[in-house]
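> My questions will all concern the structure given below.
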Amino acid sequence: MSGPTPPSPRREALAGFLGRARSELLWVLAALGPLPSVEVWKLAAGPAQARAASRIGPGDLVLALLAGTIAMELALRPREWRRLLPPVASLAVVAAAAASAVFAGEERSWASALRELVQLVEILVVCYGASFYAASGGPASRRRALLALASAAGVHVAFAAAQLASGADPFHVRGLFHHRNALGCFLAVATPPLVAVGVSPGRSRALRAWALAVAAGGMLVTTSGWLLAAQAAGAILAASVLGARRGAAVAACAAVIAFAVQPLALPAVSRAQARSVSFHLADEAGRVGPSMRLRRWVAVGCCFLDNPIFGIGPGQFQARIGEYYRPPYDKPIGSREDVSGYDVRFDEPGSQGLFEVALCETGAAGLAALLWFLVSAAARAAKARRNEAAAGSLGSAGAVLLGGAFAGFLVRGVGLPLAMVLALGDAAAVSARERPLEVNAGGAR
């Protein structure tokens, strides 16, 4: 009786090539995912030009290439498909948004709902699953991805520092993002992995110093007080799970930056941070009133009371939240070009929180699914907390849980890095529980 058919050498060679490509594309995704548009020259030109840049980011293109590579690899090794599945919580977020699109009220835009669903699938299903599978090849692939993410963070911090040095208003210190809140969200995601690399004893001193310098620089140029707090909390959490003394040292450094360096050397940044955390602000006439954030939260509460289970539908927040403002928390009118009116007469760009948008658009079901996704990702990473990738993932999840009340994280240039960082922690946790994929440096069996 004949035995099993031996694998074809050509088939194995092709599988090995695809494995190498998958491993390399992961760090390329980490490097280019934090750019919100392929038109980088517009991102660097100014806030208005950045807003007009293409909605397609280089990370979208790299992710499509990575997903295609993995699909071809799985066609050759179909038994590996289970390693590509994202966590159930990811699918729950998408399912809740889809249910909202179907069962929300009559007034909704199907085009906006479809765009939102496609974005959620790209971030929480495709990016998470592809990053997890690519990172399952071993710790080397995760280390390269973390270093590429650190390099991307360094570029954004350098641009933000140059903008600050050139005299730009602190509200326009944005790196290569569209606005400061997107920069703050990205740094809240990237800083914990940076700190984890910086405090890991297995790294060279030069690399550790560079990672910590980028992390500290990111805190210095963050002009939103809420997102600075999220960065600091995530960094302290990531360092603490690698050692209590490391966590205490990072906490001390964050306190020095926030309460000594910025007030003395960057007073305009400190003033912008204080303004961003205030719930009552004065207008040009000196009249003190509720901030736009507080007014919007009241409107979100009214929206939730009217649409408690499925919300108003994905992608509908900007178009319909105006219906729910109520006196004395009504909505004044202003121009987004007028920085002095930010959070006084109109919403600052990007200040709509992840959780408030989820509650308004997808109701209690969507918010519960989103919180489940973040908490479960943190719980899985905690199982391998002595690993730098897992520690960074745990810190990033904690930063989003804090910062998500004050800014949106599932946006261009931030959503893909977030999914990738959480997937790296998930892969590290799985590797800690079971023997990792038997791959060589190129990814072949």
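Naming works like this for the structure tokens: A, B, ... for the chains as they're shown, residue 1 at the start of each chain, ligands 1 onward in shown order.
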Just list the residues in range 79-211 of chain A DSSP gives helix (DSSP H, G or I) on the backbone, as an NGL selection string.

:A and (79-84 or 88-103 or 110-135 or 139-165 or 170-172 or 180-199 or 205-211)

> Excluding Cys185 in chain A and any residue of its chain fewer than 2 positions from it, enumerate the residues within 12 Å of it, using only C-alpha atoms, and give them as a tab-separated table (two decimals) with C-alpha atoms, in the first residue's frame.


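Output saved as selection_32.tsv:
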```tsv
chain	number	residue	atom	x	y	z
A	34	PRO	CA	0.75	55.25	10.20
A	153	ALA	CA	6.67	57.24	15.22
A	174	ARG	CA	0.10	67.27	13.91
A	175	GLY	CA	3.15	65.44	12.51
A	177	PHE	CA	-1.57	63.57	10.22
A	178	HIS	CA	-4.57	65.74	9.44
A	179	HIS	CA	-4.82	67.21	12.94
A	180	ARG	CA	-3.34	66.99	16.42
A	181	ASN	CA	-5.87	64.48	17.73
A	182	ALA	CA	-4.92	61.91	15.08
A	183	LEU	CA	-1.26	62.41	16.00
A	187	LEU	CA	1.29	58.17	19.69
A	188	ALA	CA	-1.00	56.68	22.35
A	189	VAL	CA	-0.93	53.45	20.33
A	190	ALA	CA	2.80	53.55	19.50
A	191	THR	CA	4.29	54.84	22.76
A	218	GLY	CA	6.10	62.08	21.43
A	219	MET	CA	4.92	63.11	24.87
A	222	THR	CA	1.38	66.03	22.23
A	223	THR	CA	-0.81	69.09	22.74
A	224	SER	CA	-3.98	67.32	23.89
A	225	GLY	CA	-4.04	66.79	27.64
A	226	TRP	CA	-6.35	63.78	27.41
A	227	LEU	CA	-4.17	62.00	24.85
A	228	LEU	CA	-1.01	62.83	26.77
A	229	ALA	CA	-2.60	61.13	29.79
A	230	ALA	CA	-3.48	58.12	27.61
A	231	GLN	CA	0.11	57.93	26.33
A	234	GLY	CA	-0.18	53.10	28.40
A	350	GLY	CA	-10.91	64.72	15.56
A	351	SER	CA	-12.19	65.45	19.06
A	352	GLN	CA	-15.18	63.10	18.74
A	353	GLY	CA	-14.40	60.18	21.03
A	354	LEU	CA	-14.30	56.59	19.85
A	396	SER	CA	-1.75	50.24	23.82
A	397	ALA	CA	-5.09	48.63	24.70
A	399	ALA	CA	-4.23	53.75	26.31
A	400	VAL	CA	-7.17	53.33	23.92
A	401	LEU	CA	-9.52	52.43	26.76
A	402	LEU	CA	-8.59	55.73	28.41
A	403	GLY	CA	-8.17	57.95	25.36
A	404	GLY	CA	-11.16	56.54	23.48
A	405	ALA	CA	-13.46	58.74	25.53
A	406	PHE	CA	-11.82	61.85	24.05
A	407	ALA	CA	-10.70	61.07	20.48
A	408	GLY	CA	-11.28	58.58	17.67
A	409	PHE	CA	-8.78	55.75	17.13
A	410	LEU	CA	-10.31	53.85	14.19
A	411	VAL	CA	-9.28	56.52	11.71
A	412	ARG	CA	-6.85	56.65	8.80
A	413	GLY	CA	-3.27	56.21	9.91
A	414	VAL	CA	-4.25	55.00	13.39
A	415	GLY	CA	-6.66	52.07	12.94
A	417	PRO	CA	-1.32	50.34	13.53
A	418	LEU	CA	-3.70	49.70	16.44
```

> Compile the contact shell of Ala282 in chain A as a compact mmCIF listing (two decimals) with N, CA and C atoms, in the first residue's frame: residues with an atom at most 12 Å away, counting only C-alpha atoms, same-chain residues fewer than 2 positions apart removed.


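New file selection08.txt:
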```txt
# COMPACT_ATOMS: atom_id res chain seq x y z
N ARG A 275 -6.48 73.64 28.11
CA ARG A 275 -7.73 73.99 27.46
C ARG A 275 -8.46 72.75 26.97
N SER A 278 -10.51 71.05 29.76
CA SER A 278 -11.51 71.84 30.47
C SER A 278 -12.91 71.58 29.91
N PHE A 279 -13.89 71.50 30.80
CA PHE A 279 -15.27 71.32 30.38
C PHE A 279 -16.05 72.63 30.35
N HIS A 280 -15.40 73.73 30.76
CA HIS A 280 -16.00 75.05 30.66
C HIS A 280 -14.94 76.02 30.18
N GLU A 284 -14.51 84.85 23.21
CA GLU A 284 -13.76 86.11 23.04
C GLU A 284 -14.26 87.21 23.96
N ALA A 285 -15.54 87.18 24.31
CA ALA A 285 -16.10 88.21 25.18
C ALA A 285 -15.88 87.91 26.66
N GLY A 286 -15.25 86.79 26.96
CA GLY A 286 -14.99 86.45 28.35
C GLY A 286 -16.10 85.68 29.02
N ARG A 287 -17.14 85.33 28.25
CA ARG A 287 -18.26 84.57 28.83
C ARG A 287 -17.86 83.10 28.94
N VAL A 288 -18.04 82.55 30.12
CA VAL A 288 -17.69 81.14 30.35
C VAL A 288 -18.92 80.28 30.13
N GLY A 289 -18.73 79.24 29.35
CA GLY A 289 -19.83 78.33 29.06
C GLY A 289 -19.33 76.92 28.90
N PRO A 290 -20.23 75.96 28.77
CA PRO A 290 -19.81 74.57 28.60
C PRO A 290 -19.04 74.38 27.30
N SER A 291 -18.01 73.57 27.36
CA SER A 291 -17.20 73.30 26.18
C SER A 291 -18.01 72.51 25.17
N MET A 292 -17.53 72.50 23.92
CA MET A 292 -18.22 71.74 22.90
C MET A 292 -18.19 70.25 23.21
N SER A 340 -9.10 79.70 17.42
CA SER A 340 -9.56 80.25 18.69
C SER A 340 -10.94 79.73 19.08
N GLY A 341 -11.69 79.22 18.11
CA GLY A 341 -13.02 78.70 18.39
C GLY A 341 -13.06 77.23 18.70
N TYR A 342 -11.89 76.56 18.64
CA TYR A 342 -11.86 75.12 18.92
C TYR A 342 -12.43 74.83 20.30
N ASP A 343 -13.44 73.97 20.32
CA ASP A 343 -14.10 73.49 21.54
C ASP A 343 -14.83 74.60 22.29
N VAL A 344 -14.89 75.80 21.72
CA VAL A 344 -15.65 76.89 22.32
C VAL A 344 -16.96 77.08 21.55
N ARG A 345 -16.84 77.25 20.21
CA ARG A 345 -18.02 77.45 19.37
C ARG A 345 -18.29 76.28 18.42
```

> Which residue out of A:Val173, A:Ala104, A:Leu146, A:Ile333 has the minimum interatomic distance to Gly315 in chain A when only C-alpha atoms are used?

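Smallest distance to Gly315 in chain A is found for A:Ala104.
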
> As an exercise, work out the distance from CA of Ala101 in chain A to CA of Ala113 in chain A in Å and give it to one decimal place.

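It comes out at 6.2 Å.
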